[in-house]
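Asks: Just passing along the structure, written as structure tokens.
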Protein chains: 4
Amino acid sequence: MHGYTPDKDDYLKRLRRIEGQVRGIARMVEEDTYCIDVLTQIAAVTKALQAVSIGLVEDHLGHCVVDAARQSPEAGAAKVKEASDAIARLVRS
Amino acid sequence: MHGYTPDKDDYLKRLRRIEGQVRGIARMVEEDTYCIDVLTQIAAVTKALQAVSIGLVEDHLGHCVVDAARQSPEAGAAKVKEASDAIARLVRS
Amino acid sequence: MHGYTPDKDDYLKRLRRIEGQVRGIARMVEEDTYCIDVLTQIAAVTKALQAVSIGLVEDHLGHCVVDAARQSPEAGAAKVKEASDAIARLVRS
Amino acid sequence: MHGYTPDKDDYLKRLRRIEGQVRGIARMVEEDTYCIDVLTQIAAVTKALQAVSIGLVEDHLGHCVVDAARQSPEAGAAKVKEASDAIARLVRS
């Protein structure tokens, strides 16, 4: 049971669409599609992945972090540290 | 009193250094410095600003969000929504 | 014949690996993997996609843009405008 | 004489506005402004810096890179490599 569990089907649908988009980019390269069009498609996939990340962060904060905080300040602080490190990786990627 | 209050002096020092770096970039442009060197310096300032943001997010989650969660689940949920929107703006910028 | 044509096989290999990584992320979600681990994996895929983009931009500048510039200043300017718009989408994504 | 020289005054104006915005963020921190509002303002400054970078890249490609390409393929290739490295730093920051 995680923060994203209630929305699991939605996340799976989005990830499968992204998988298909990446396969489509490989096909574009295989068929020698113009570079700029390949780049545009990669930017779209990157944005879709970011949107999944942002959703997962929100679910994680709203469940795992809030639950830990309600258990004890120490448990909350540990989860906050872990979530902040994950957010830092997202912002920097 | 906010999440970042205990580290306020550190944040102010970093922001003043960033302000000086931006002034330095303007000086580089004024003195016709080579474009690539100006770009390198802008990338450095952007990274410094991101580091400040990441610190502020961590402080905010660790104080405002954890405190709200400990008050009530509803208060926690409202703060999580607000923080997630701010994180989304960071990831997308 | 495009800028990336000589490296086509390398790009295809990287894109197929990325496709497999996205499929792996869907599997992680399906198996209720801990949110933070899913986020770490998404950040890795985003970085891999960015690396592909950066390679494509370099190939595009080195072939399509340089060739156009050698044809005429006007042809060069048109290709630069198009490439700059694509770079802007990358930087903002 | 660089790619950005014709737009120098515009860049200087934008950089001075950004410098003022950074000073404004320091003031917000000094006056204990709510964390989320500080984060919103940092995201705005980051976007403004990115817009300056994107403009400089376009000017650089349109002048330094195109001119080098018109001189010789080797000169063009060297400038493309240098520009691509700078673009990679931007995309990753």
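In the structure tokens, chains take letters A, B, ... by order of appearance, with residues numbered from 1 within each chain and ligands from 1 in the order shown.
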Name the residues in contact with Asp67 (chain B) at a cut-off of 10 Å, using only C-alpha atoms, excluding same-chain residues fewer than 2 positions from it; report them as a list in words.

Replies: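 With the cut-off at 10 Å, the set is Val66, Ala69, Arg70, Pro73 and Gly76 of chain A; His60, Leu61, Gly62, His63, Cys64, Val65, Ala69, Arg70, Gln71, Ser72, Ala75, Gly76 and Lys79 of chain B.
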
Asks: Would you save the residues of that selection, restricted to C-alpha atoms, as a PDB file, in the first residue's frame?

Replies:
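Below you can see result.pdb, which holds the result:
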```
ATOM      1  CA  VAL A  66       1.735  12.852   6.283  1.00  0.00           C
ATOM      2  CA  ALA A  69       4.396  12.914  10.583  1.00  0.00           C
ATOM      3  CA  ARG A  70       1.222  11.914  12.412  1.00  0.00           C
ATOM      4  CA  PRO A  73       7.961  14.103  14.546  1.00  0.00           C
ATOM      5  CA  GLY A  76       8.036  12.643   9.769  1.00  0.00           C
TER       6      GLY A  76
ATOM      7  CA  HIS B  60       8.930  23.825   4.220  1.00  0.00           C
ATOM      8  CA  LEU B  61       8.066  20.115   4.186  1.00  0.00           C
ATOM      9  CA  GLY B  62       9.886  19.547   7.472  1.00  0.00           C
ATOM     10  CA  HIS B  63       8.117  22.346   9.304  1.00  0.00           C
ATOM     11  CA  CYS B  64       4.941  23.782   7.759  1.00  0.00           C
ATOM     12  CA  VAL B  65       3.760  20.509   6.185  1.00  0.00           C
ATOM     13  CA  ALA B  69      -0.213  17.054   9.290  1.00  0.00           C
ATOM     14  CA  ARG B  70       0.189  16.707  13.053  1.00  0.00           C
ATOM     15  CA  GLN B  71      -2.657  19.168  13.585  1.00  0.00           C
ATOM     16  CA  SER B  72      -5.170  17.302  11.411  1.00  0.00           C
ATOM     17  CA  ALA B  75      -4.671  20.638   7.346  1.00  0.00           C
ATOM     18  CA  GLY B  76      -1.894  18.276   6.175  1.00  0.00           C
ATOM     19  CA  LYS B  79      -0.391  22.026   2.795  1.00  0.00           C
TER      20      LYS B  79
END
```

Asks: Just asking: which residues within region 24-67 of chain A are alpha helix (DSSP H) according to DSSP, as number ranges by chain?

Replies: A: 24-30, 35-60, 66-67

Asks: Just to be explicit: take each residue in the selection above, keep N, CA, C and O atoms, and write the result as a compact mmCIF listing (two decimals), in the first residue's frame.

Replies:
```txt
# COMPACT_ATOMS: atom_id res chain seq x y z
N GLY A 24 7.82 4.81 -30.54
CA GLY A 24 7.57 5.63 -31.72
C GLY A 24 8.80 6.47 -32.09
O GLY A 24 9.08 6.68 -33.27
N ILE A 25 9.53 6.97 -31.07
CA ILE A 25 10.74 7.77 -31.35
C ILE A 25 11.79 6.88 -32.01
O ILE A 25 12.46 7.29 -32.97
N ALA A 26 11.94 5.64 -31.53
CA ALA A 26 12.90 4.72 -32.15
C ALA A 26 12.51 4.50 -33.62
O ALA A 26 13.37 4.50 -34.51
N ARG A 27 11.20 4.34 -33.86
CA ARG A 27 10.74 4.15 -35.24
C ARG A 27 11.07 5.38 -36.09
O ARG A 27 11.50 5.26 -37.24
N MET A 28 10.88 6.58 -35.51
CA MET A 28 11.22 7.81 -36.24
C MET A 28 12.69 7.81 -36.65
O MET A 28 13.04 8.17 -37.77
N VAL A 29 13.57 7.42 -35.71
CA VAL A 29 15.00 7.40 -36.01
C VAL A 29 15.29 6.35 -37.09
O VAL A 29 16.05 6.60 -38.03
N GLU A 30 14.63 5.20 -36.95
CA GLU A 30 14.84 4.13 -37.93
C GLU A 30 14.44 4.57 -39.34
O GLU A 30 15.09 4.21 -40.31
N CYS A 35 15.58 15.45 -37.76
CA CYS A 35 16.07 15.59 -36.38
C CYS A 35 15.16 16.44 -35.49
O CYS A 35 14.89 16.09 -34.33
N ILE A 36 14.72 17.58 -36.02
CA ILE A 36 13.93 18.52 -35.21
C ILE A 36 12.62 17.86 -34.76
O ILE A 36 12.16 18.06 -33.63
N ASP A 37 12.03 17.05 -35.63
CA ASP A 37 10.78 16.36 -35.27
C ASP A 37 11.04 15.30 -34.21
O ASP A 37 10.20 15.09 -33.32
N VAL A 38 12.19 14.64 -34.28
CA VAL A 38 12.55 13.68 -33.23
C VAL A 38 12.71 14.42 -31.89
O VAL A 38 12.19 13.98 -30.86
N LEU A 39 13.40 15.55 -31.93
CA LEU A 39 13.62 16.34 -30.71
C LEU A 39 12.30 16.80 -30.09
O LEU A 39 12.14 16.77 -28.86
N THR A 40 11.38 17.23 -30.92
CA THR A 40 10.07 17.69 -30.42
C THR A 40 9.37 16.54 -29.69
O THR A 40 8.79 16.72 -28.62
N GLN A 41 9.46 15.35 -30.25
CA GLN A 41 8.80 14.20 -29.65
C GLN A 41 9.49 13.81 -28.33
O GLN A 41 8.81 13.45 -27.36
N ILE A 42 10.82 13.90 -28.27
CA ILE A 42 11.52 13.60 -27.01
C ILE A 42 11.12 14.61 -25.93
O ILE A 42 10.90 14.24 -24.77
N ALA A 43 10.98 15.88 -26.31
CA ALA A 43 10.57 16.89 -25.32
C ALA A 43 9.18 16.56 -24.78
O ALA A 43 8.91 16.71 -23.58
N ALA A 44 8.29 16.05 -25.65
CA ALA A 44 6.93 15.69 -25.21
C ALA A 44 6.98 14.52 -24.23
O ALA A 44 6.28 14.53 -23.20
N VAL A 45 7.81 13.52 -24.50
CA VAL A 45 7.92 12.37 -23.60
C VAL A 45 8.52 12.79 -22.26
O VAL A 45 8.06 12.35 -21.19
N THR A 46 9.53 13.66 -22.31
CA THR A 46 10.14 14.15 -21.07
C THR A 46 9.08 14.85 -20.21
O THR A 46 9.01 14.64 -18.99
N LYS A 47 8.25 15.67 -20.83
CA LYS A 47 7.19 16.36 -20.09
C LYS A 47 6.20 15.36 -19.49
O LYS A 47 5.74 15.53 -18.36
N ALA A 48 5.86 14.32 -20.25
CA ALA A 48 4.92 13.31 -19.75
C ALA A 48 5.52 12.57 -18.54
O ALA A 48 4.82 12.29 -17.56
N LEU A 49 6.82 12.26 -18.61
CA LEU A 49 7.50 11.60 -17.48
C LEU A 49 7.52 12.51 -16.26
O LEU A 49 7.31 12.06 -15.13
N GLN A 50 7.79 13.80 -16.50
CA GLN A 50 7.81 14.77 -15.38
C GLN A 50 6.44 14.83 -14.72
O GLN A 50 6.35 14.93 -13.49
N ALA A 51 5.39 14.81 -15.53
CA ALA A 51 4.03 14.87 -14.97
C ALA A 51 3.76 13.65 -14.09
O ALA A 51 3.14 13.78 -13.03
N VAL A 52 4.24 12.47 -14.51
CA VAL A 52 4.09 11.27 -13.67
C VAL A 52 4.85 11.48 -12.35
O VAL A 52 4.32 11.21 -11.26
N SER A 53 6.08 11.97 -12.44
CA SER A 53 6.88 12.21 -11.23
C SER A 53 6.18 13.15 -10.27
O SER A 53 6.15 12.92 -9.07
N ILE A 54 5.67 14.25 -10.83
CA ILE A 54 5.03 15.25 -9.98
C ILE A 54 3.81 14.64 -9.29
O ILE A 54 3.58 14.86 -8.09
N GLY A 55 3.05 13.83 -10.00
CA GLY A 55 1.91 13.12 -9.39
C GLY A 55 2.36 12.19 -8.28
O GLY A 55 1.77 12.16 -7.20
N LEU A 56 3.43 11.44 -8.54
CA LEU A 56 3.94 10.50 -7.52
C LEU A 56 4.42 11.24 -6.28
O LEU A 56 4.19 10.80 -5.15
N VAL A 57 5.10 12.38 -6.49
CA VAL A 57 5.57 13.18 -5.35
C VAL A 57 4.37 13.63 -4.51
O VAL A 57 4.37 13.49 -3.28
N GLU A 58 3.35 14.15 -5.19
CA GLU A 58 2.17 14.63 -4.45
C GLU A 58 1.52 13.48 -3.66
O GLU A 58 1.19 13.64 -2.48
N ASP A 59 1.35 12.32 -4.31
CA ASP A 59 0.76 11.16 -3.61
C ASP A 59 1.64 10.74 -2.43
O ASP A 59 1.13 10.39 -1.36
N HIS A 60 2.96 10.76 -2.66
CA HIS A 60 3.88 10.34 -1.60
C HIS A 60 3.82 11.29 -0.39
O HIS A 60 3.74 10.84 0.76
N VAL A 66 2.73 12.40 5.30
CA VAL A 66 1.73 12.85 6.28
C VAL A 66 1.51 11.77 7.35
O VAL A 66 1.46 12.08 8.56
N ASP A 67 1.40 10.51 6.93
CA ASP A 67 1.20 9.42 7.91
C ASP A 67 2.36 9.34 8.90
O ASP A 67 2.15 9.19 10.10
```

Asks: Could you please determine the separation between CA of Ser84 (chain C) and CA of Lys81 (chain D) in Å, to one decimal place?

Replies: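 Separating CA of Ser84 (chain C) from CA of Lys81 (chain D) is a distance of 15.6 Å.
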
Asks: Residues at most 7 Å from Arg92 (chain C), counting only C-alpha atoms, excluding those fewer than 3 positions away in the same chain, as a list in words?

Replies: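 The residues satisfying every condition are Arg92 and Ser93 of chain B; Ala88 and Arg89 of chain C.
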
Asks: Record the distance separating CA of Ala78 (chain A) and CA of Ala77 (chain B), expressed in Å with one decimal.

Replies: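 Separation between CA of Ala78 (chain A) and CA of Ala77 (chain B): 18.7 Å.
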
Asks: Just give me the gap between CA of Leu15 (chain A) and CA of Arg23 (chain C) in Å, one decimal is fine.

Replies: 7.5 Å
